[in-house]
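Everything on this sheet refers to the single structure shown next.
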Amino acid sequence: MAMQPSVGKAVSAGAAALGAFFGLWAASPALASEPANEVIISDGLLFPESLTSTPDGALLFGSTTTSTILRAEPGAKEASPWFDGKEAALGRVLGVLADGQRDMLWVCSSAQDTAKPEESLTGLAAFRLSDQSLIGTFPFPDGKGLCNDIAVDEKGTVYATDTREARVLRLADPAGPMEVWSADPLLEGVDGVAIASDGSIYVNSIVSGELLRLDPAEDGKSADPVRLTLSRELGKPDGMRTAPDGSLIVAEQAGRVSRIEIAGDEARITTIAEGFTQPPAVTIVGDRAYVLQSNLFFNRDPERKGTDPGPARAIAVPLKAS
């Protein structure tokens with residue numbers, strides 16, 4: 001799929017700036033204020049699919065129907081439009097990931113189902129958290145795919161899941177390009193991605209319910225998925241984040257948010273909270289998990305598509321199990 005020149009130029013223009021951020025780490029600040037119990041997005045037609053948080057407790061959301069990024073300041077009870085991603089030719093915004101230690105916001109953009117797919121980015125875009133300026137855009141190889149979720153390791157290497165093409169891509173060089181790091185039938189429906197405390201990279205499949213570890217090959221340029229044995233089934237697992245203790249926190253569209261503790265090839269799953277309606281994402285602020293109640297199911301219903309289901313919500317729950 002051809003990219004518009006403005007998208008391609010952003011890659012080279014942002015490469016030098018992005019390189020300055022790779023490998024840059026700073027101490028995480030304390031939370032700026034007491035987190036709110038619930039954060040709403042009053043415009044119900046924005047349909048966020050993912051959320052992320054900064055070290056000081058701000059929440060950020062993307063919109064699957066616009067190129068808007070929304071933000072709720074630390075302690076705020078409502079998120080509002082923060083900036084528009086038109087400069088990066090953002091398509092449908094799915095995964096968002098704040099890397100506060102490098103002053104960066106990573107955004108998954110997909111041209112799928114956009115009005116002008118030839119003018120929209122399928123891949124990653126990077127912005128500065130401090131001023132919302134575009135650092136660079138990084139198209140997926142061949143312009144195909146559905147960029148869904150993002151993780152960044154301690155070296156600054158970026159990993160992105162491609163749900164449509166059953167693969168995980170990697171950005172190891174700040175100048176690009178994105179490279180296919182893992183592609184396998186086991187990755188059908190690959191969705192959430194997170195990095196455990198030992199540096200291992202885990203992904204889940206919203207189709208099969210599997211939890212997979214990606215074991216790098218000897219050359220490090222590719223990885224094979226290894227299926228983990230689960231203590232119970234995961235119900236349509238989606239967004240995943242790493243808790244302060246190194247365990248993984250996952251949103252299950254079956255209506256739960258759960259903790260995953262991994263030992264070898266086994267994963268023990270503990271329900272933290274339940275009773276949600278198809279939650280697609282979770283993020284962590286202090287000792288709480290914010291679970292996204294996005295109403296995406298409403299927009300997927302042909303009879304209700306285009307009508308307002310009311311506000312989306314990020315609901316805080318304690319990280320400890322109930």
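Ordered as shown in the structure tokens, chains take letters A, B, and onward, while each chain numbers its residues from 1 and ligands are numbered from 1 in the order shown.
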Close residues, stretch 234-251 of chain A itself excluded, 8 Å, only C-alpha atoms, min 6 positions apart in chain, as a VMD selection string: chain A and resid 50 149 191 to 198 204 to 210 257 to 262 279 to 284 291
Grab the residues selected above and save them as a PDB file, in the first residue's frame with N, CA and C atoms.
ATOM      1  N   SER A  50      -7.881   1.657  23.313  1.00  0.00           N
ATOM      2  CA  SER A  50      -6.724   1.449  24.181  1.00  0.00           C
ATOM      3  C   SER A  50      -6.529   2.665  25.065  1.00  0.00           C
ATOM      4  N   ASP A 149      -1.349  -3.374  19.376  1.00  0.00           N
ATOM      5  CA  ASP A 149      -0.832  -3.034  20.708  1.00  0.00           C
ATOM      6  C   ASP A 149       0.682  -2.914  20.644  1.00  0.00           C
ATOM      7  N   ASP A 191      -2.850 -10.037  19.864  1.00  0.00           N
ATOM      8  CA  ASP A 191      -3.458  -8.784  20.302  1.00  0.00           C
ATOM      9  C   ASP A 191      -2.554  -8.077  21.309  1.00  0.00           C
ATOM     10  N   GLY A 192      -2.722  -8.387  22.608  1.00  0.00           N
ATOM     11  CA  GLY A 192      -1.945  -7.695  23.622  1.00  0.00           C
ATOM     12  C   GLY A 192      -0.501  -8.149  23.653  1.00  0.00           C
ATOM     13  N   VAL A 193       0.395  -7.240  24.058  1.00  0.00           N
ATOM     14  CA  VAL A 193       1.809  -7.548  24.195  1.00  0.00           C
ATOM     15  C   VAL A 193       2.333  -6.836  25.442  1.00  0.00           C
ATOM     16  N   ALA A 194       3.190  -7.528  26.180  1.00  0.00           N
ATOM     17  CA  ALA A 194       3.784  -6.944  27.378  1.00  0.00           C
ATOM     18  C   ALA A 194       5.121  -7.615  27.639  1.00  0.00           C
ATOM     19  N   ILE A 195       5.956  -6.933  28.406  1.00  0.00           N
ATOM     20  CA  ILE A 195       7.294  -7.428  28.714  1.00  0.00           C
ATOM     21  C   ILE A 195       7.394  -7.660  30.215  1.00  0.00           C
ATOM     22  N   ALA A 196       7.710  -8.892  30.599  1.00  0.00           N
ATOM     23  CA  ALA A 196       7.791  -9.253  32.015  1.00  0.00           C
ATOM     24  C   ALA A 196       9.085  -8.698  32.627  1.00  0.00           C
ATOM     25  N   SER A 197       9.214  -8.844  33.935  1.00  0.00           N
ATOM     26  CA  SER A 197      10.350  -8.273  34.653  1.00  0.00           C
ATOM     27  C   SER A 197      11.684  -8.865  34.219  1.00  0.00           C
ATOM     28  N   ASP A 198      11.681 -10.105  33.691  1.00  0.00           N
ATOM     29  CA  ASP A 198      12.929 -10.716  33.234  1.00  0.00           C
ATOM     30  C   ASP A 198      13.254 -10.375  31.782  1.00  0.00           C
ATOM     31  N   ASN A 204      -0.801 -12.255  23.650  1.00  0.00           N
ATOM     32  CA  ASN A 204      -1.984 -13.103  23.752  1.00  0.00           C
ATOM     33  C   ASN A 204      -2.731 -13.089  22.431  1.00  0.00           C
ATOM     34  N   SER A 205      -3.653 -14.024  22.279  1.00  0.00           N
ATOM     35  CA  SER A 205      -4.490 -14.101  21.083  1.00  0.00           C
ATOM     36  C   SER A 205      -5.950 -13.945  21.481  1.00  0.00           C
ATOM     37  N   ILE A 206      -6.596 -12.949  20.914  1.00  0.00           N
ATOM     38  CA  ILE A 206      -8.010 -12.741  21.198  1.00  0.00           C
ATOM     39  C   ILE A 206      -8.860 -13.810  20.524  1.00  0.00           C
ATOM     40  N   VAL A 207      -8.297 -14.520  19.549  1.00  0.00           N
ATOM     41  CA  VAL A 207      -9.024 -15.576  18.841  1.00  0.00           C
ATOM     42  C   VAL A 207      -8.950 -16.903  19.592  1.00  0.00           C
ATOM     43  N   SER A 208      -7.727 -17.333  19.935  1.00  0.00           N
ATOM     44  CA  SER A 208      -7.549 -18.648  20.566  1.00  0.00           C
ATOM     45  C   SER A 208      -7.556 -18.595  22.086  1.00  0.00           C
ATOM     46  N   GLY A 209      -7.325 -17.417  22.671  1.00  0.00           N
ATOM     47  CA  GLY A 209      -7.203 -17.320  24.116  1.00  0.00           C
ATOM     48  C   GLY A 209      -5.846 -17.750  24.635  1.00  0.00           C
ATOM     49  N   GLU A 210      -4.894 -18.007  23.737  1.00  0.00           N
ATOM     50  CA  GLU A 210      -3.571 -18.465  24.144  1.00  0.00           C
ATOM     51  C   GLU A 210      -2.735 -17.315  24.709  1.00  0.00           C
ATOM     52  N   VAL A 257     -10.696  -8.348  34.433  1.00  0.00           N
ATOM     53  CA  VAL A 257      -9.299  -7.939  34.389  1.00  0.00           C
ATOM     54  C   VAL A 257      -8.567  -8.872  35.343  1.00  0.00           C
ATOM     55  N   SER A 258      -7.425  -9.424  34.900  1.00  0.00           N
ATOM     56  CA  SER A 258      -6.774 -10.497  35.643  1.00  0.00           C
ATOM     57  C   SER A 258      -5.267 -10.291  35.719  1.00  0.00           C
ATOM     58  N   ARG A 259      -4.677 -10.931  36.717  1.00  0.00           N
ATOM     59  CA  ARG A 259      -3.231 -10.953  36.878  1.00  0.00           C
ATOM     60  C   ARG A 259      -2.694 -12.289  36.375  1.00  0.00           C
ATOM     61  N   ILE A 260      -1.554 -12.248  35.677  1.00  0.00           N
ATOM     62  CA  ILE A 260      -0.894 -13.458  35.185  1.00  0.00           C
ATOM     63  C   ILE A 260       0.501 -13.540  35.795  1.00  0.00           C
ATOM     64  N   GLU A 261       0.748 -14.603  36.543  1.00  0.00           N
ATOM     65  CA  GLU A 261       2.070 -14.843  37.127  1.00  0.00           C
ATOM     66  C   GLU A 261       2.685 -16.038  36.417  1.00  0.00           C
ATOM     67  N   ILE A 262       3.880 -15.850  35.896  1.00  0.00           N
ATOM     68  CA  ILE A 262       4.495 -16.844  35.020  1.00  0.00           C
ATOM     69  C   ILE A 262       5.688 -17.504  35.708  1.00  0.00           C
ATOM     70  N   PRO A 279     -14.222  -5.340  27.979  1.00  0.00           N
ATOM     71  CA  PRO A 279     -13.138  -4.358  28.145  1.00  0.00           C
ATOM     72  C   PRO A 279     -11.950  -4.692  27.247  1.00  0.00           C
ATOM     73  N   PRO A 280     -11.477  -3.725  26.426  1.00  0.00           N
ATOM     74  CA  PRO A 280     -10.391  -4.019  25.505  1.00  0.00           C
ATOM     75  C   PRO A 280      -9.000  -3.669  26.011  1.00  0.00           C
ATOM     76  N   ALA A 281      -8.893  -2.959  27.138  1.00  0.00           N
ATOM     77  CA  ALA A 281      -7.569  -2.458  27.509  1.00  0.00           C
ATOM     78  C   ALA A 281      -7.494  -2.161  29.000  1.00  0.00           C
ATOM     79  N   VAL A 282      -6.254  -2.081  29.470  1.00  0.00           N
ATOM     80  CA  VAL A 282      -5.988  -1.779  30.871  1.00  0.00           C
ATOM     81  C   VAL A 282      -4.674  -1.016  30.957  1.00  0.00           C
ATOM     82  N   THR A 283      -4.536  -0.156  31.946  1.00  0.00           N
ATOM     83  CA  THR A 283      -3.265   0.485  32.241  1.00  0.00           C
ATOM     84  C   THR A 283      -3.116   0.586  33.751  1.00  0.00           C
ATOM     85  N   ILE A 284      -1.906   0.871  34.207  1.00  0.00           N
ATOM     86  CA  ILE A 284      -1.610   0.826  35.635  1.00  0.00           C
ATOM     87  C   ILE A 284      -1.141   2.194  36.112  1.00  0.00           C
ATOM     88  N   VAL A 291      -9.400   0.074  33.918  1.00  0.00           N
ATOM     89  CA  VAL A 291      -9.977  -0.828  32.933  1.00  0.00           C
ATOM     90  C   VAL A 291     -10.870  -0.011  32.003  1.00  0.00           C
TER      91      VAL A 291
END
When DSSP works through the backbone of this structure, what residues of stretch 122-314 of chain A end up as helix (DSSP H, G or I), shown as an MDAnalysis selection string? chainID A and resid 141:143 185:187 296:299
Take the residues that were just selected and, keeping C-alpha atoms, output them as a PDB file, in the first residue's frame.
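Below is the file out17.pdb, written as the result:
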ATOM      1  CA  PRO A 141       6.180  -3.695   5.662  1.00  0.00           C
ATOM      2  CA  ASP A 142       4.046  -3.722   2.496  1.00  0.00           C
ATOM      3  CA  GLY A 143       1.522  -1.410   4.164  1.00  0.00           C
ATOM      4  CA  PRO A 185       0.068 -19.733  12.799  1.00  0.00           C
ATOM      5  CA  LEU A 186       0.049 -19.657  16.619  1.00  0.00           C
ATOM      6  CA  LEU A 187      -0.105 -15.868  16.337  1.00  0.00           C
ATOM      7  CA  LEU A 296     -16.774  -0.641  21.090  1.00  0.00           C
ATOM      8  CA  PHE A 297     -19.314  -3.465  20.843  1.00  0.00           C
ATOM      9  CA  PHE A 298     -21.986  -0.810  20.265  1.00  0.00           C
ATOM     10  CA  ASN A 299     -20.194   0.607  17.206  1.00  0.00           C
TER      11      ASN A 299
END
Nearest to A:Ser182 among A:Ala151, A:Leu214, A:Val93, A:Leu228, with distances taken over only C-alpha atoms: which residue is it?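 Ranking A:Ala151, A:Leu214, A:Val93, A:Leu228 by distance to A:Ser182, first place goes to A:Leu214.
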Can you list every residue of stretch 89-192 of chain A that has an atom at most 10 Å from stretch 58-78 of chain A, with its nearest atom pair and the distance in Å to one decimal, using only C-alpha atoms, ordered by chain then number, as a Markdown table?
| residue | atom | partner | partner_atom | distance |
| --- | --- | --- | --- | --- |
| A:Ala89 | CA | A:Ser67 | CA | 8.1 |
| A:Leu90 | CA | A:Ser67 | CA | 5.6 |
| A:Gly91 | CA | A:Ser67 | CA | 6.3 |
| A:Arg92 | CA | A:Thr64 | CA | 4.6 |
| A:Val93 | CA | A:Thr64 | CA | 4.9 |
| A:Leu94 | CA | A:Thr64 | CA | 6.3 |
| A:Gly95 | CA | A:Gly62 | CA | 7.4 |
| A:Val96 | CA | A:Gly62 | CA | 6.6 |
| A:Leu97 | CA | A:Leu60 | CA | 8.4 |
| A:Ala98 | CA | A:Leu60 | CA | 8.0 |
| A:Leu105 | CA | A:Leu60 | CA | 9.2 |
| A:Val107 | CA | A:Gly62 | CA | 8.0 |
| A:Cys108 | CA | A:Gly62 | CA | 9.0 |
| A:Ser109 | CA | A:Ser67 | CA | 8.8 |
| A:Ser110 | CA | A:Thr64 | CA | 9.2 |
| A:Asp113 | CA | A:Thr65 | CA | 9.7 |
| A:Thr114 | CA | A:Thr65 | CA | 8.7 |
| A:Gln132 | CA | A:Ile69 | CA | 9.6 |
Residues just named, written with C-alpha atoms as a PDB file, in the first residue's frame:
ATOM      1  CA  ALA A  89      -1.828  10.633   8.644  1.00  0.00           C
ATOM      2  CA  LEU A  90      -3.224   8.505  11.454  1.00  0.00           C
ATOM      3  CA  GLY A  91      -5.966   6.092  10.481  1.00  0.00           C
ATOM      4  CA  ARG A  92      -7.913   4.115  13.061  1.00  0.00           C
ATOM      5  CA  VAL A  93      -6.084   4.549  16.356  1.00  0.00           C
ATOM      6  CA  LEU A  94      -5.839   1.359  18.379  1.00  0.00           C
ATOM      7  CA  GLY A  95      -2.950   0.767  20.778  1.00  0.00           C
ATOM      8  CA  VAL A  96      -1.366   3.707  22.585  1.00  0.00           C
ATOM      9  CA  LEU A  97       1.678   3.461  24.848  1.00  0.00           C
ATOM     10  CA  ALA A  98       3.295   6.249  26.859  1.00  0.00           C
ATOM     11  CA  LEU A 105       3.891   8.442  23.030  1.00  0.00           C
ATOM     12  CA  VAL A 107       0.457   5.133  18.620  1.00  0.00           C
ATOM     13  CA  CYS A 108      -0.857   2.204  16.542  1.00  0.00           C
ATOM     14  CA  SER A 109      -2.507   3.427  13.354  1.00  0.00           C
ATOM     15  CA  SER A 110      -4.413   1.278  10.886  1.00  0.00           C
ATOM     16  CA  ASP A 113     -11.773   0.679   7.312  1.00  0.00           C
ATOM     17  CA  THR A 114     -10.722   4.296   6.773  1.00  0.00           C
ATOM     18  CA  GLN A 132       2.668  16.530  21.089  1.00  0.00           C
TER      19      GLN A 132
END
What are the DSSP strand (DSSP E) residues of stretch 142-288 of chain A, as a VMD selection string? chain A and resid 147 to 152 158 to 162 167 to 171 179 to 183 190 to 195 201 to 205 211 to 216 223 to 227 229 to 230 237 to 242 248 to 252 256 to 263 266 to 274 282 to 285 288
Measuring between only C-alpha atoms, which one of A:Ala79, A:Cys147, A:Ala273, A:Ala316 shows the shortest distance to A:Gln112?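 Going through A:Ala79, A:Cys147, A:Ala273, A:Ala316 one by one, the smallest distance to A:Gln112 is for A:Cys147.
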One decimal, Å: what's the distance from atom CA of A:Ser133 over to atom CA of A:Leu121, could you say? 16.8 Å
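The nearest approach to A:Val152 among the residues A:Asp99, A:Asp56, A:Glu119, A:Glu49, with only C-alpha atoms taken into account, belongs to A:Asp99.
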Tell me, in Å to one decimal, how far atom CA of A:Pro318 is from atom CA of A:Gly57.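 Going from atom CA of A:Pro318 over to atom CA of A:Gly57, I get 14.9 Å.
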Which of A:Leu46, A:Ala267, A:Ala160, A:Leu31 sits closest to A:Gly310 [using only C-alpha atoms]: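 Of A:Leu46, A:Ala267, A:Ala160, A:Leu31, the one nearest A:Gly310 is A:Leu46, counting only C-alpha atoms.
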Tell me, in Å to one decimal, how far atom CA of A:Ala254 is from atom CA of A:Trp106.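 Computing the Euclidean distance for atom CA of A:Ala254 and atom CA of A:Trp106 yields 26.9 Å.
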Show me, as an mmCIF file with C-alpha atoms, in the first residue's frame, the residues that have an atom within 8 Å of A:Thr163 when counting only C-alpha atoms, minus same-chain residues fewer than 6 positions from it.
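Below you can see out16.cif, which holds the result:
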data_model
loop_
_atom_site.group_PDB
_atom_site.id
_atom_site.type_symbol
_atom_site.label_atom_id
_atom_site.label_comp_id
_atom_site.auth_asym_id
_atom_site.auth_seq_id
_atom_site.Cartn_x
_atom_site.Cartn_y
_atom_site.Cartn_z
ATOM 1 C CA GLY A 145 -1.881 -5.243 8.747
ATOM 2 C CA LEU A 146 -3.797 -4.095 11.779
ATOM 3 C CA CYS A 147 -1.457 -2.527 14.322
ATOM 4 C CA ASN A 148 -3.075 -3.349 17.644
ATOM 5 C CA GLU A 188 -3.539 -15.876 14.733
ATOM 6 C CA GLY A 189 -5.504 -13.108 16.443
ATOM 7 C CA VAL A 190 -2.403 -11.773 18.246
ATOM 8 C CA ASP A 191 -3.458 -8.784 20.302
#
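Closest approach to A:Thr122 among A:Val203, A:Leu212, A:Val226, A:Ala88: A:Ala88, based on only C-alpha atoms.
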